[in-house]
Every structure is written in structure tokens, then in C-alpha cells.
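Data block for entry-v9.txt (compact mmCIF, C-alpha atoms and all ligand atoms):
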```txt
# COMPACT_ATOMS: atom_id res chain seq x y z
CA MET A 15 40.04 -34.90 165.56
CA SER A 16 43.12 -34.54 163.46
CA TYR A 17 44.85 -31.35 162.42
CA ASP A 18 47.08 -30.53 159.44
CA ALA A 19 48.78 -27.38 160.71
CA LEU A 20 49.21 -24.75 163.41
CA LEU A 21 48.47 -21.13 162.55
CA TRP A 22 50.55 -18.73 164.67
CA LEU A 23 48.29 -15.66 164.90
CA SER A 24 49.81 -12.42 166.12
CA PHE A 25 49.46 -8.65 166.12
CA GLY A 26 52.04 -7.74 163.47
CA GLY A 27 54.38 -4.76 163.40
CA PRO A 28 56.17 -2.53 160.89
CA GLU A 29 59.46 -3.65 159.34
CA GLY A 30 60.69 -0.26 158.11
CA PRO A 31 59.94 3.47 158.46
CA GLU A 32 57.55 3.52 155.49
CA ASP A 33 55.45 0.76 157.08
CA VAL A 34 54.82 2.64 160.33
CA ARG A 35 51.95 4.93 159.37
CA PRO A 36 49.96 2.37 157.34
CA PHE A 37 50.47 -0.13 160.16
CA LEU A 38 49.14 2.37 162.71
CA GLU A 39 46.17 3.10 160.44
CA ASN A 40 45.40 -0.62 160.33
CA VAL A 41 45.58 -0.94 164.12
CA THR A 42 43.37 2.03 164.89
CA ARG A 43 40.86 2.04 162.01
CA GLY A 44 37.46 2.95 163.45
CA ARG A 45 38.70 2.90 167.04
CA GLY A 46 38.60 6.59 167.95
CA VAL A 47 42.33 6.98 168.65
CA PRO A 48 43.23 10.69 168.26
CA PRO A 49 45.78 11.59 165.56
CA GLU A 50 48.06 13.19 168.19
CA ARG A 51 48.40 9.81 169.86
CA LEU A 52 49.29 8.23 166.49
CA ASP A 53 51.96 10.90 165.91
CA GLU A 54 53.44 10.09 169.30
CA VAL A 55 53.43 6.33 168.76
CA GLU A 56 54.88 6.80 165.27
CA GLN A 57 57.88 8.47 166.93
CA HIS A 58 58.33 5.47 169.25
CA TYR A 59 58.57 3.19 166.23
CA LEU A 60 60.85 5.59 164.33
CA HIS A 61 63.14 5.65 167.34
CA PHE A 62 63.84 2.00 166.48
CA GLY A 63 64.27 2.67 162.75
CA GLY A 64 60.59 1.96 162.08
CA VAL A 65 61.11 -1.72 162.89
CA SER A 66 59.03 -3.41 165.56
CA PRO A 67 60.76 -6.37 167.16
CA ILE A 68 57.51 -8.34 167.15
CA ASN A 69 57.75 -10.14 163.77
CA ALA A 70 61.31 -11.35 164.31
CA LEU A 71 60.39 -12.52 167.83
CA ASN A 72 57.43 -14.45 166.48
CA ARG A 73 59.62 -16.10 163.83
CA GLN A 74 62.13 -17.06 166.52
CA ALA A 75 59.44 -18.53 168.72
CA ILE A 76 58.00 -20.48 165.79
CA ALA A 77 61.44 -21.93 165.07
CA ALA A 78 61.66 -23.06 168.70
CA VAL A 79 58.23 -24.73 168.61
CA GLU A 80 58.61 -26.45 165.22
CA PRO A 81 60.86 -29.30 166.43
CA LEU A 82 58.33 -30.08 169.20
CA LEU A 83 55.36 -30.61 166.87
CA ASP A 84 54.40 -32.94 164.04
CA LEU A 85 52.53 -30.09 162.37
CA PRO A 86 53.78 -27.39 160.00
CA ILE A 87 53.48 -23.89 161.48
CA TYR A 88 52.13 -20.95 159.46
CA PHE A 89 52.53 -17.32 160.54
CA GLY A 90 49.83 -14.67 160.05
CA ASN A 91 49.02 -11.28 161.63
CA ARG A 92 46.11 -8.97 162.31
CA ASN A 93 47.73 -5.69 161.34
CA TRP A 94 50.81 -6.28 159.19
CA HIS A 95 52.38 -8.67 156.74
CA PRO A 96 52.21 -11.58 156.60
CA MET A 97 48.49 -10.78 156.97
CA VAL A 98 46.39 -13.67 158.26
CA GLU A 99 44.15 -13.58 155.16
CA ASP A 100 47.16 -14.23 152.91
CA THR A 101 48.51 -16.92 155.22
CA LEU A 102 45.16 -18.72 155.29
CA ALA A 103 44.99 -18.64 151.47
CA ARG A 104 48.44 -20.27 151.40
CA MET A 105 47.36 -22.90 153.92
CA LYS A 106 44.36 -23.71 151.76
CA ALA A 107 46.57 -23.96 148.65
CA ASP A 108 48.87 -26.33 150.56
CA GLY A 109 45.91 -28.62 151.25
CA VAL A 110 45.33 -27.76 154.93
CA ARG A 111 41.77 -28.70 155.92
CA ARG A 112 41.77 -28.23 159.65
CA ALA A 113 44.25 -26.24 161.73
CA LEU A 114 44.82 -25.20 165.32
CA VAL A 115 45.42 -21.50 165.96
CA PHE A 116 47.83 -20.15 168.58
CA PRO A 117 46.99 -16.50 169.38
CA THR A 118 50.00 -14.75 170.92
CA SER A 119 48.09 -13.41 173.90
CA ALA A 120 47.61 -15.21 177.20
CA TYR A 121 44.46 -13.44 178.32
CA GLY A 122 40.75 -12.98 177.77
CA GLY A 123 39.08 -9.68 176.90
CA TYR A 124 38.31 -7.99 173.62
CA SER A 125 41.81 -6.94 172.49
CA ALA A 126 43.53 -10.05 173.83
CA CYS A 127 41.03 -12.74 172.82
CA ARG A 128 37.83 -11.82 171.02
CA GLN A 129 39.59 -9.63 168.44
CA TYR A 130 41.65 -12.67 167.41
CA ASP A 131 38.32 -14.45 166.82
CA GLU A 132 37.36 -11.56 164.57
CA ASP A 133 40.66 -12.00 162.70
CA ILE A 134 39.80 -15.67 162.16
CA LEU A 135 36.32 -14.75 160.89
CA ARG A 136 37.74 -12.14 158.53
CA ALA A 137 40.42 -14.45 157.18
CA ARG A 138 37.98 -17.31 156.64
CA ALA A 139 35.56 -14.99 154.86
CA ALA A 140 38.37 -14.00 152.47
CA VAL A 141 39.29 -17.58 151.52
CA PRO A 142 36.76 -19.70 149.60
CA ASP A 143 36.19 -23.10 151.23
CA ALA A 144 38.55 -22.05 154.03
CA PRO A 145 40.19 -24.52 156.41
CA GLU A 146 38.46 -25.09 159.76
CA LEU A 147 40.24 -23.17 162.51
CA VAL A 148 40.22 -24.17 166.18
CA LYS A 149 41.72 -21.53 168.45
CA LEU A 150 43.80 -22.65 171.42
CA ARG A 151 42.75 -21.54 174.91
CA GLN A 152 43.95 -18.70 177.12
CA PHE A 153 47.14 -19.63 178.99
CA PHE A 154 47.69 -16.87 181.59
CA ASP A 155 47.56 -19.47 184.39
CA HIS A 156 49.51 -22.29 182.72
CA PRO A 157 52.30 -23.45 185.05
CA LEU A 158 54.92 -23.00 182.31
CA PHE A 159 53.84 -19.37 181.75
CA ILE A 160 53.93 -18.67 185.51
CA ASP A 161 57.28 -20.48 186.01
CA SER A 162 58.84 -18.59 183.15
CA PHE A 163 57.93 -15.22 184.68
CA ALA A 164 58.87 -16.36 188.18
CA GLU A 165 62.32 -17.27 186.89
CA SER A 166 62.73 -14.01 184.98
CA VAL A 167 61.68 -11.88 187.98
CA ARG A 168 64.13 -13.78 190.17
CA ALA A 169 66.95 -13.18 187.66
CA ALA A 170 66.08 -9.47 187.24
CA ALA A 171 66.00 -8.93 191.01
CA GLU A 172 69.47 -10.46 191.47
CA PRO A 173 71.32 -7.11 191.91
CA PHE A 174 69.00 -5.86 194.67
CA ASP A 175 68.76 -6.73 198.36
CA GLU A 176 65.39 -5.07 198.68
CA TYR A 177 63.00 -4.35 195.85
CA ARG A 178 59.35 -4.00 194.93
CA VAL A 179 57.93 -6.12 192.10
CA VAL A 180 55.52 -4.26 189.85
CA PHE A 181 53.50 -6.36 187.39
CA THR A 182 52.35 -4.51 184.30
CA ALA A 183 49.96 -5.26 181.44
CA HIS A 184 48.52 -3.30 178.52
CA SER A 185 45.80 -0.92 179.68
CA VAL A 186 42.37 -1.10 178.03
CA PRO A 187 39.34 1.17 178.34
CA VAL A 188 37.53 0.55 181.64
CA SER A 189 34.38 -0.12 179.58
CA ALA A 190 36.20 -2.85 177.62
CA ASP A 191 37.39 -4.48 180.84
CA LYS A 192 33.87 -4.31 182.23
CA ALA A 193 32.62 -6.17 179.15
CA ALA A 194 35.37 -8.83 179.34
CA GLY A 195 34.17 -12.39 179.83
CA PRO A 196 30.68 -13.87 179.71
CA PRO A 197 28.08 -11.45 181.17
CA GLU A 198 27.11 -13.93 183.91
CA GLU A 199 30.69 -13.80 185.25
CA GLY A 200 30.25 -10.11 186.06
CA GLY A 201 32.87 -8.70 183.68
CA HIS A 202 36.50 -7.66 184.19
CA ARG A 203 37.86 -11.01 183.02
CA TYR A 204 40.94 -9.35 181.52
CA SER A 205 42.04 -7.42 184.61
CA ARG A 206 41.09 -10.29 186.92
CA GLN A 207 43.21 -12.72 184.89
CA VAL A 208 46.15 -10.28 184.90
CA GLU A 209 45.78 -9.99 188.68
CA GLU A 210 45.57 -13.76 189.00
CA ALA A 211 48.70 -14.39 186.89
CA SER A 212 50.54 -11.76 188.97
CA ARG A 213 49.38 -13.38 192.19
CA LEU A 214 50.58 -16.79 190.97
CA VAL A 215 54.05 -15.45 190.07
CA ALA A 216 54.26 -13.54 193.37
CA SER A 217 53.30 -16.64 195.28
CA ALA A 218 55.86 -18.79 193.41
CA LEU A 219 58.47 -16.27 194.62
CA SER A 220 56.93 -15.82 198.11
CA LEU A 221 56.83 -12.04 197.59
CA PRO A 222 55.34 -10.33 200.65
CA GLU A 223 54.16 -7.34 198.58
CA TYR A 224 53.70 -6.49 194.92
CA ASP A 225 51.59 -4.26 192.69
CA VAL A 226 49.61 -4.69 189.49
CA VAL A 227 49.63 -1.66 187.17
CA TRP A 228 48.88 -0.76 183.55
CA GLN A 229 50.77 0.77 180.67
CA SER A 230 50.61 2.09 177.11
CA ARG A 231 47.16 3.66 177.33
CA SER A 232 45.75 4.94 174.06
CA GLY A 233 42.46 6.62 173.12
CA PRO A 234 41.20 10.12 173.90
CA PRO A 235 42.14 11.41 177.39
CA GLN A 236 38.51 11.86 178.50
CA ILE A 237 37.81 8.11 178.22
CA PRO A 238 38.84 6.22 181.37
CA TRP A 239 41.37 3.38 180.96
CA LEU A 240 42.72 0.96 183.58
CA GLU A 241 45.05 2.71 186.04
CA PRO A 242 47.49 3.39 187.65
CA ASP A 243 49.98 3.88 184.86
CA VAL A 244 53.33 2.19 185.41
CA VAL A 245 55.36 5.42 185.29
CA ASP A 246 53.02 7.25 187.71
CA HIS A 247 53.22 4.23 189.98
CA ILE A 248 57.02 4.21 190.01
CA GLU A 249 56.84 7.86 191.12
CA ALA A 250 54.39 6.94 193.88
CA LEU A 251 56.68 4.15 195.08
CA HIS A 252 59.59 6.58 195.13
CA ASP A 253 57.54 8.95 197.31
CA LYS A 254 56.96 6.05 199.69
CA GLY A 255 60.70 5.42 199.96
CA VAL A 256 60.99 2.33 197.72
CA ALA A 257 64.61 2.22 196.48
CA ASN A 258 64.46 -0.43 193.72
CA VAL A 259 61.75 -1.64 191.35
CA VAL A 260 61.60 -4.84 189.34
CA VAL A 261 59.08 -4.43 186.55
CA CYS A 262 57.49 -7.64 185.26
CA PRO A 263 55.61 -7.32 181.92
CA ILE A 264 53.11 -10.03 182.83
CA GLY A 265 50.73 -8.88 180.07
CA PHE A 266 53.13 -9.58 177.20
CA VAL A 267 54.67 -12.72 175.78
CA SER A 268 57.58 -11.01 174.04
CA ASP A 269 59.71 -7.85 174.01
CA HIS A 270 57.69 -5.88 171.53
CA LEU A 271 57.49 -2.15 171.26
CA GLU A 272 55.41 -1.51 174.39
CA VAL A 273 58.09 -3.32 176.36
CA VAL A 274 61.21 -1.83 174.77
CA TRP A 275 59.76 1.70 174.63
CA ASP A 276 57.24 2.15 177.45
CA LEU A 277 59.22 0.10 179.98
CA ASP A 278 62.87 -0.07 178.90
CA THR A 279 62.92 3.56 177.80
CA GLU A 280 60.22 5.66 179.52
CA ALA A 281 59.88 3.84 182.83
CA ARG A 282 63.61 3.16 183.12
CA ASP A 283 64.49 6.82 182.42
CA ARG A 284 61.99 8.05 185.00
CA ALA A 285 63.36 5.66 187.63
CA ALA A 286 66.90 6.87 186.84
CA GLU A 287 65.83 10.52 187.24
CA LEU A 288 64.41 9.62 190.63
CA GLY A 289 67.59 7.77 191.58
CA MET A 290 65.80 4.44 191.87
CA GLY A 291 67.24 1.07 190.92
CA PHE A 292 65.31 -0.40 187.98
CA ALA A 293 65.27 -3.85 186.41
CA ARG A 294 62.87 -5.34 183.89
CA ALA A 295 62.08 -9.04 183.91
CA ALA A 296 62.39 -10.92 180.61
CA THR A 297 59.27 -11.97 178.69
CA PRO A 298 58.68 -15.71 178.08
CA ASN A 299 59.34 -15.69 174.31
CA GLY A 300 63.05 -16.60 174.48
CA ASP A 301 62.54 -19.23 177.19
CA PRO A 302 62.34 -22.93 176.19
CA ARG A 303 59.38 -23.17 178.58
CA PHE A 304 57.37 -21.00 176.18
CA ALA A 305 57.92 -23.40 173.28
CA GLN A 306 56.98 -26.25 175.61
CA LEU A 307 53.84 -24.38 176.63
CA VAL A 308 52.69 -24.04 173.01
CA ALA A 309 53.41 -27.73 172.42
CA GLU A 310 51.33 -28.63 175.50
CA LEU A 311 48.39 -26.48 174.37
CA VAL A 312 48.52 -28.26 171.00
CA GLY A 313 48.82 -31.61 172.79
CA GLU A 314 45.54 -30.91 174.62
CA HIS A 315 43.93 -31.33 171.18
CA THR A 316 46.17 -33.84 169.45
CA SER A 317 47.24 -36.18 172.28
CA ASP A 318 44.57 -35.70 174.98
CA LEU A 319 47.12 -34.04 177.27
CA PRO A 320 45.40 -32.74 180.42
CA ALA A 321 44.87 -28.95 180.48
CA ARG A 322 47.39 -27.79 183.07
CA LYS A 323 46.23 -24.63 184.80
CA LEU A 324 46.68 -23.03 188.20
CA SER A 325 43.59 -20.85 188.59
CA ALA A 326 39.88 -21.49 188.90
CA PHE A 327 39.06 -19.46 185.77
CA PRO A 328 37.58 -21.59 183.00
CA ALA A 329 40.03 -22.54 180.22
CA ALA A 330 38.26 -20.17 177.83
CA GLY A 331 39.11 -18.89 174.39
CA CYS A 332 39.04 -22.21 172.58
CA THR A 333 36.43 -21.91 169.84
CA LEU A 334 35.77 -23.02 166.25
CA ASN A 335 36.01 -20.69 163.25
CA GLY A 336 36.04 -17.43 165.18
CA ALA A 337 32.94 -18.00 167.31
CA PRO A 338 32.85 -16.16 170.66
CA CYS A 339 33.35 -18.34 173.77
CA VAL A 340 29.68 -17.84 174.66
CA PRO A 341 27.21 -15.33 173.22
CA LEU A 342 28.14 -11.76 174.30
CA CYS A 343 31.57 -12.81 175.66
CA CYS A 344 34.01 -9.84 175.45
CA GLU A 345 31.66 -7.88 173.21
CA PRO A 346 33.48 -5.09 171.40
CA ALA A 347 32.72 -1.72 172.99
CA LYS A 348 30.57 0.76 171.11
CA ARG A 349 33.10 3.30 169.95
CA PRO A 350 32.58 6.98 169.25
CA ALA A 351 32.48 7.63 165.51
CA ARG A 352 35.24 9.97 164.38
C1 LIG B 401 45.19 -5.74 175.65
C2 LIG B 401 46.17 -5.36 174.56
C3 LIG B 401 47.30 -6.06 174.18
C4 LIG B 401 47.81 -7.36 174.78
C5 LIG B 401 47.19 -8.54 174.08
C6 LIG B 401 47.85 -8.88 172.75
O1 LIG B 401 49.08 -9.08 172.75
O2 LIG B 401 47.16 -8.94 171.73
C7 LIG B 401 47.91 -5.33 173.09
C8 LIG B 401 49.05 -5.73 172.40
C9 LIG B 401 49.74 -5.00 171.42
N1 LIG B 401 49.46 -3.73 171.01
C10 LIG B 401 50.39 -3.38 170.05
C11 LIG B 401 50.43 -2.15 169.35
C12 LIG B 401 49.44 -1.18 169.42
N2 LIG B 401 48.30 -1.19 170.19
C13 LIG B 401 47.56 -0.04 169.95
C14 LIG B 401 46.34 0.29 170.51
C15 LIG B 401 45.62 -0.45 171.46
N3 LIG B 401 46.04 -1.61 172.11
C16 LIG B 401 45.04 -2.05 172.97
C17 LIG B 401 45.09 -3.19 173.78
C18 LIG B 401 46.09 -4.18 173.71
N4 LIG B 401 47.16 -4.20 172.85
C19 LIG B 401 43.95 -1.13 172.85
C20 LIG B 401 42.63 -1.28 173.60
C21 LIG B 401 44.32 -0.14 171.94
C22 LIG B 401 43.48 1.06 171.48
C23 LIG B 401 42.98 0.87 170.08
C24 LIG B 401 42.03 -0.30 170.01
O3 LIG B 401 40.98 -0.24 170.66
O4 LIG B 401 42.36 -1.30 169.33
C25 LIG B 401 48.25 0.73 168.96
C26 LIG B 401 47.75 2.05 168.37
C27 LIG B 401 48.57 3.20 168.83
C28 LIG B 401 48.46 3.42 170.33
O5 LIG B 401 49.23 2.84 171.09
O6 LIG B 401 47.57 4.17 170.71
C29 LIG B 401 49.43 0.03 168.64
C30 LIG B 401 50.51 0.44 167.66
C31 LIG B 401 51.28 -4.49 169.82
C32 LIG B 401 52.45 -4.53 168.81
C33 LIG B 401 53.66 -3.86 169.40
C34 LIG B 401 54.87 -3.93 168.47
O7 LIG B 401 54.83 -3.40 167.36
O8 LIG B 401 55.87 -4.53 168.88
C35 LIG B 401 50.88 -5.49 170.67
C36 LIG B 401 51.48 -6.87 170.82
FE FE B 402 47.88 -2.57 171.75
```

Rewrite the structure of this file - the entire thing - as C-alpha cells.
Amino acid sequence: MSYDALLWLSFGGPEGPEDVRPFLENVTRGRGVPPERLDEVEQHYLHFGGVSPINALNRQAIAAVEPLLDLPIYFGNRNWHPMVEDTLARMKADGVRRALVFPTSAYGGYSACRQYDEDILRARAAVPDAPELVKLRQFFDHPLFIDSFAESVRAAAEPFDEYRVVFTAHSVPVSADKAAGPPEEGGHRYSRQVEEASRLVASALSLPEYDVVWQSRSGPPQIPWLEPDVVDHIEALHDKGVANVVVCPIGFVSDHLEVVWDLDTEARDRAAELGMGFARAATPNGDPRFAQLVAELVGEHTSDLPARKLSAFPAAGCTLNGAPCVPLCCEPAKRPAR
């Protein structure tokens, strides 16, 4: 099969204070997130002048991948401009007939995988005679992803003689995690993949002990989300006498708002109040290994490169035109109407 382009599909983020509220409305439409939570998150964005780092980081990463590919790269988002619908219309106008899609999330689950399929469906429905879109697979266990984090944890831990590594990923509702993966796998594909990636990094570093925790929970308080929260966990480690923490944002590919606010601001401040040493490992985005990783995922389709992976999980997520991996895989949760 031959391909004419790569579509870089991401989350999107506001680029100025007036974008913040409409962006948040896009993200949470129909999802039962209480307005108080939106007010709070709006403040996080306004703290940074209403500009999320995510779009600039994606453009940087695209510039690093471009020289490694023979394909033009197009950039489109789920929640903010450039919106994927507009990007796909441009691809069509440029004569693209079949494209690969790189979703900027390493994991399975509804928010990290299936929702990007829904974006593909929506974009294709908006563009008459739309290009065929083949989504690249999940890469949480790709050796370049693991090596990149292993290197960044090692560098972050440099100042400390003794430290505890805490891996963190975006929390999701427990019900969403339960529904993650094909039903016959028993669910929890998202949290199990996060745990597996953490285990692989810990093993590359021969860490005797580490923890996997969650961050940035949203939704109404009465709905259970994956726990413990990273800040609560840092407090618990302090109570146990841990002097220094190295936080590794294993769930994120770049330093977007959840990383620069929830970790570099909230978690760091709490650690400082407790008198603990705190370091945060870099995300893969700025690392040449990340560009290489994207090129290898593309090469699996264009040059028959073998799929390099370190876990026994299937290399899922690769589907045509927004189809789910298998029927009922990562079904969206039924959400309370608001
Ligand atoms: C698993 C997961 C990832 C990782 C996979 C991936 O990377 O895709 C991720 C990434 C991101 N999430 C982001 C931003 C937000 N997520 C929200 C809300 C939510 N996230 C959820 C899950 C995830 N989210 C869920 C279950 C919700 C509840 C609402 C719903 O069910 O959909 C909200 C609403 C306000 C709030 O926080 O409540 C915002 C603003 C940004 C951009 C940050 C920037 O601007 O730099 C990024 C990369
Ligand atoms: Fe999110």
C-alpha cells in the first residue's frame, strides 16, 4: 500500500486568553464535567497567558520528523485549530488519497485511542470523498519510547543519592478503564499499559521500587476515577520518610498543560512545602528518539519495518477510517446527561 501523507492528530489547546473557554467547551461537550471544574481549569490556562504549550510542541515535533520521512505531514486537532476537519479538507484539496495518521497518545483506552478514531470518523464525514486514513498503532511499549523515558528519569534523578520514582498518567473514570480494550481481554487496557510502560522503564533503570499514580482528574467528585492522585501520593511518601521524588509523566508525550501545571506547579509546590526534593523527568517530545519512533511506526507501513515492542500486549490501535480495533473495544462510557 502506498501513502501520500501523514496526518499528525492531536488534542489541541488554546493560543490566547479568548480561546480558553471555547476550547474547554469543545473538550467537555456532553461529558458531564461540572462548571466549577471548568472554572478551575480555565485559571490554569490563564496562569500561562491562555496559551497551552501543546500546539507549539506539536509543530516542533513535526519539524523534527519531517526530514526523516518521504511524506508531507499535516497537523490537525480534536479540540482546537487547526481542527482535523479543516486539515483533512486541505489534504483532499492537495490531492491526498490515502494517509497514515499519528495520534499523539501512546496508549489504548477511550480518551487515548478510541476517541481519536471518532475524530477520524467525524473529519471524514465532513469531507466529501475523503482520503482513506490508516491510524498508526499504540506505542507505549516501543523501545524508543521506553529508552527516552529511562534516559529522562536518569537525568532528573542526577541531583539525588536516594529517591523514589513515581510514574504518573492522566486519570480516567474507573468505568472507562474497565471498558478499555476488547471485552474478551477483561478490560483495564489503559491502566495495564501504563503499568507495563512504567515497569519497562523501571526495569531499564534497575529501580528496586517505584509507584504508578494518576493525575488531573476531572468529572464530578462522586464518580470514581483512577487513584491515587499524584499530589496525595507525594504526601504519603513524605509520611513514610521518602526524602526525594522523581516524577515521570509516563502518560504524556509532551510538556502540555497537565505537565506544566499539575506536576511542575502543584506537585512541585506541595513537595517544597513538605521539604522534599522534587524533580520531573522530561517528556519524549524534544528527544530525537521520539522523531525516530514516529518514523519507525510509519516504516512499519511503508517499508515493512518489523513492529518493535517490548510487551506482550497486541500492537492495537491500527485501524482504517476510524473503525474500532474490534467491535466494542474501548466503548465510550454512558455519561450522565447534564
Ligand atoms: C487519558 C487522557 C489523556 C492522555 C491521552 C492523550 O494525550 O490524548 C488526556 C490528554 C489531554 N487532556 C488535555 C486537556 C483536557 N482534558 C480534559 C478532560 C479529560 N481528559 C481525560 C483523559 C485524558 N486526557 C478525561 C477522561 C477527561 C474528562 C472529560 C472527558 O471525558 O473527555 C479537559 C477538560 C477540563 C478538565 O481537566 O476537567 C482538558 C482541558 C490535553 C491538552 C492539554 C494542553 O492544553 O496542553 C491533553 C493532551
Ligand atoms: Fe484530558

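Using all atoms listed in the file, the nearest neighbour of ligand FE 402 (chain B) within the list A:Val244, A:Leu21, A:Ala211, A:Leu271 is A:Leu271.
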
What are the closest atom pairs, with distances in Å to one decimal, for all residues of chain A lying within 12 Å of ligand FE 402 (chain B)? Consider all atoms listed in the file, order rows by chain and residue number, and present the result as a Markdown table.
```
| residue | atom | partner | partner_atom | distance |
| --- | --- | --- | --- | --- |
| A:Ser24 | CA | B:FE402 | FE | 11.5 |
| A:Phe25 | CA | B:FE402 | FE | 8.4 |
| A:Gly26 | CA | B:FE402 | FE | 10.6 |
| A:Gly27 | CA | B:FE402 | FE | 10.8 |
| A:Leu38 | CA | B:FE402 | FE | 10.4 |
| A:Asn40 | CA | B:FE402 | FE | 11.8 |
| A:Val41 | CA | B:FE402 | FE | 8.1 |
| A:Thr42 | CA | B:FE402 | FE | 9.4 |
| A:Arg45 | CA | B:FE402 | FE | 11.7 |
| A:Val47 | CA | B:FE402 | FE | 11.5 |
| A:Val55 | CA | B:FE402 | FE | 10.9 |
| A:Arg92 | CA | B:FE402 | FE | 11.5 |
| A:Asn93 | CA | B:FE402 | FE | 10.9 |
| A:Ser119 | CA | B:FE402 | FE | 11.1 |
| A:Tyr124 | CA | B:FE402 | FE | 11.2 |
| A:Ser125 | CA | B:FE402 | FE | 7.5 |
| A:Ala126 | CA | B:FE402 | FE | 8.9 |
| A:Gln129 | CA | B:FE402 | FE | 11.4 |
| A:Ala183 | CA | B:FE402 | FE | 10.3 |
| A:His184 | CA | B:FE402 | FE | 6.8 |
| A:Ser185 | CA | B:FE402 | FE | 8.4 |
| A:Val186 | CA | B:FE402 | FE | 8.5 |
| A:Pro187 | CA | B:FE402 | FE | 11.4 |
| A:Trp228 | CA | B:FE402 | FE | 12.0 |
| A:Gln229 | CA | B:FE402 | FE | 10.0 |
| A:Ser230 | CA | B:FE402 | FE | 7.6 |
| A:Arg231 | CA | B:FE402 | FE | 8.4 |
| A:Ser232 | CA | B:FE402 | FE | 8.1 |
| A:Gly233 | CA | B:FE402 | FE | 10.8 |
| A:Gly265 | CA | B:FE402 | FE | 10.8 |
| A:Phe266 | CA | B:FE402 | FE | 10.3 |
| A:His270 | CA | B:FE402 | FE | 10.4 |
| A:Leu271 | CA | B:FE402 | FE | 9.6 |
| A:Glu272 | CA | B:FE402 | FE | 8.0 |
| A:Val273 | CA | B:FE402 | FE | 11.2 |
| A:Asp276 | CA | B:FE402 | FE | 11.9 |
```

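Interatomic distance, CA of Ala120 (chain A) to CA of Val227 (chain A): 16.9 Å.
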
message = Can you measure CA of Ser325 (chain A) to CA of Ala75 (chain A) for me? One decimal in Å is fine.
response = 25.5 Å

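The gap separating CA of Ser268 (chain A) from CA of Asn299 (chain A) is 5.0 Å, in Å to one decimal.
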
request  = Compile the contact shell of Phe292 (chain A) as a ChimeraX atom specification: residues with an atom at most 10 Å away, counting all atoms listed in the file, same-chain residues fewer than 3 positions apart removed.
outcome  = /A:170-171,173-174,177-178,248,257-261,278,281-286,289

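Nearest residue to ligand LIG 401 (chain B), choosing from A:Ala321, A:Val267, A:Leu60, A:Ala218 and counting all atoms listed in the file: A:Val267.
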
message = Counting all atoms listed in the file, which residue out of A:Cys332, A:Val141, A:Leu288, A:Ala326 sits closest to Asp155 (chain A)?
response = A:Ala326

request  = Considering all atoms listed in the file, state which residue in the set A:Ile76, A:Ala137, A:Cys339, A:Ala144 is at the smallest distance from Thr118 (chain A).
outcome  = A:Ile76

Write out as a short mmCIF file (atom, residue, chain, number, x, y, z; two decimals) with C-alpha atoms, in the frame of the given file which residues come within 8 Å of Ala190 (chain A) when counting only C-alpha atoms, dropping same-chain ones fewer than 2 positions away.
```cif
data_model
loop_
_atom_site.label_atom_id
_atom_site.label_comp_id
_atom_site.auth_asym_id
_atom_site.auth_seq_id
_atom_site.Cartn_x
_atom_site.Cartn_y
_atom_site.Cartn_z
CA GLY A 123 39.08 -9.68 176.90
CA TYR A 124 38.31 -7.99 173.62
CA VAL A 186 42.37 -1.10 178.03
CA PRO A 187 39.34 1.17 178.34
CA VAL A 188 37.53 0.55 181.64
CA LYS A 192 33.87 -4.31 182.23
CA ALA A 193 32.62 -6.17 179.15
CA ALA A 194 35.37 -8.83 179.34
CA CYS A 344 34.01 -9.84 175.45
CA PRO A 346 33.48 -5.09 171.40
CA ALA A 347 32.72 -1.72 172.99
#
```

task = Excluding Pro31 (chain A) and residues on its chain fewer than 4 positions from it, collect all residues at most 9 Å away from it, counting only C-alpha atoms, and give them as an MDAnalysis selection string.
result = chainID A and resid 35 59:60 63:65

Pick from A:Arg111, A:Gln306, A:Pro234, A:Val208, whichever lies nearest to Glu50 (chain A) using all atoms listed in the file = A:Pro234

Taking all listed atoms of region 139-154 of chain A, build the axis-aligned box, pad each of the six sides by 3 Å, then write its centre and edge lengths in Å to one decimal as AutoDock Vina command-line options.
```
--center_x 41.6 --center_y -19.5 --center_z 165.6 --size_x 18.1 --size_y 17.1 --size_z 38.0
```

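Using only C-alpha atoms and all ligand atoms, the smallest distance between any of A:Leu147, A:Leu102, A:Val274, A:Val115 and ligand LIG 401 (chain B) comes from A:Val274.
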
task = May I have the protein, DNA and RNA residues with any atom at most 12 Å from the point (43.3, -13.3, 153.7), counting only C-alpha atoms, written as JSON, numbers by chain?
result = {"A": [90, 91, 92, 93, 94, 95, 96, 97, 98, 99, 100, 101, 102, 103, 104, 105, 106, 133, 134, 135, 136, 137, 138, 139, 140, 141, 142, 144, 145]}

Residue contacts of Trp22 (chain A) (6 Å, all atoms listed in the file) excluding same-chain residues fewer than 2 positions away, as a PyMOL selection string = chain A and resi 88-89+115-116

Using the partial input, fill out region 207-218 of chain A with N, CA and C atoms; write the result as a tab-separated table (two decimals), keeping the file's coordinate frame.
```tsv
chain	number	residue	atom	x	y	z
A	207	GLN	N	42.21	-11.72	185.28
A	207	GLN	CA	43.21	-12.72	184.89
A	207	GLN	C	44.64	-12.17	185.04
A	208	VAL	N	44.82	-10.89	184.71
A	208	VAL	CA	46.15	-10.28	184.90
A	208	VAL	C	46.51	-10.30	186.39
A	209	GLU	N	45.53	-9.96	187.24
A	209	GLU	CA	45.78	-9.99	188.68
A	209	GLU	C	46.07	-11.41	189.17
A	210	GLU	N	45.37	-12.37	188.59
A	210	GLU	CA	45.57	-13.76	189.00
A	210	GLU	C	46.97	-14.27	188.58
A	211	ALA	N	47.36	-13.97	187.35
A	211	ALA	CA	48.70	-14.39	186.89
A	211	ALA	C	49.77	-13.74	187.78
A	212	SER	N	49.57	-12.46	188.12
A	212	SER	CA	50.54	-11.76	188.97
A	212	SER	C	50.60	-12.41	190.35
A	213	ARG	N	49.43	-12.73	190.87
A	213	ARG	CA	49.38	-13.38	192.19
A	213	ARG	C	50.12	-14.73	192.16
A	214	LEU	N	49.93	-15.48	191.08
A	214	LEU	CA	50.58	-16.79	190.97
A	214	LEU	C	52.10	-16.65	190.90
A	215	VAL	N	52.59	-15.67	190.15
A	215	VAL	CA	54.05	-15.45	190.07
A	215	VAL	C	54.56	-14.99	191.44
A	216	ALA	N	53.84	-14.05	192.06
A	216	ALA	CA	54.26	-13.54	193.37
A	216	ALA	C	54.29	-14.66	194.39
A	217	SER	N	53.34	-15.56	194.29
A	217	SER	CA	53.30	-16.64	195.28
A	217	SER	C	54.40	-17.66	195.00
A	218	ALA	N	54.74	-17.90	193.72
A	218	ALA	CA	55.86	-18.79	193.41
A	218	ALA	C	57.17	-18.24	193.99
```
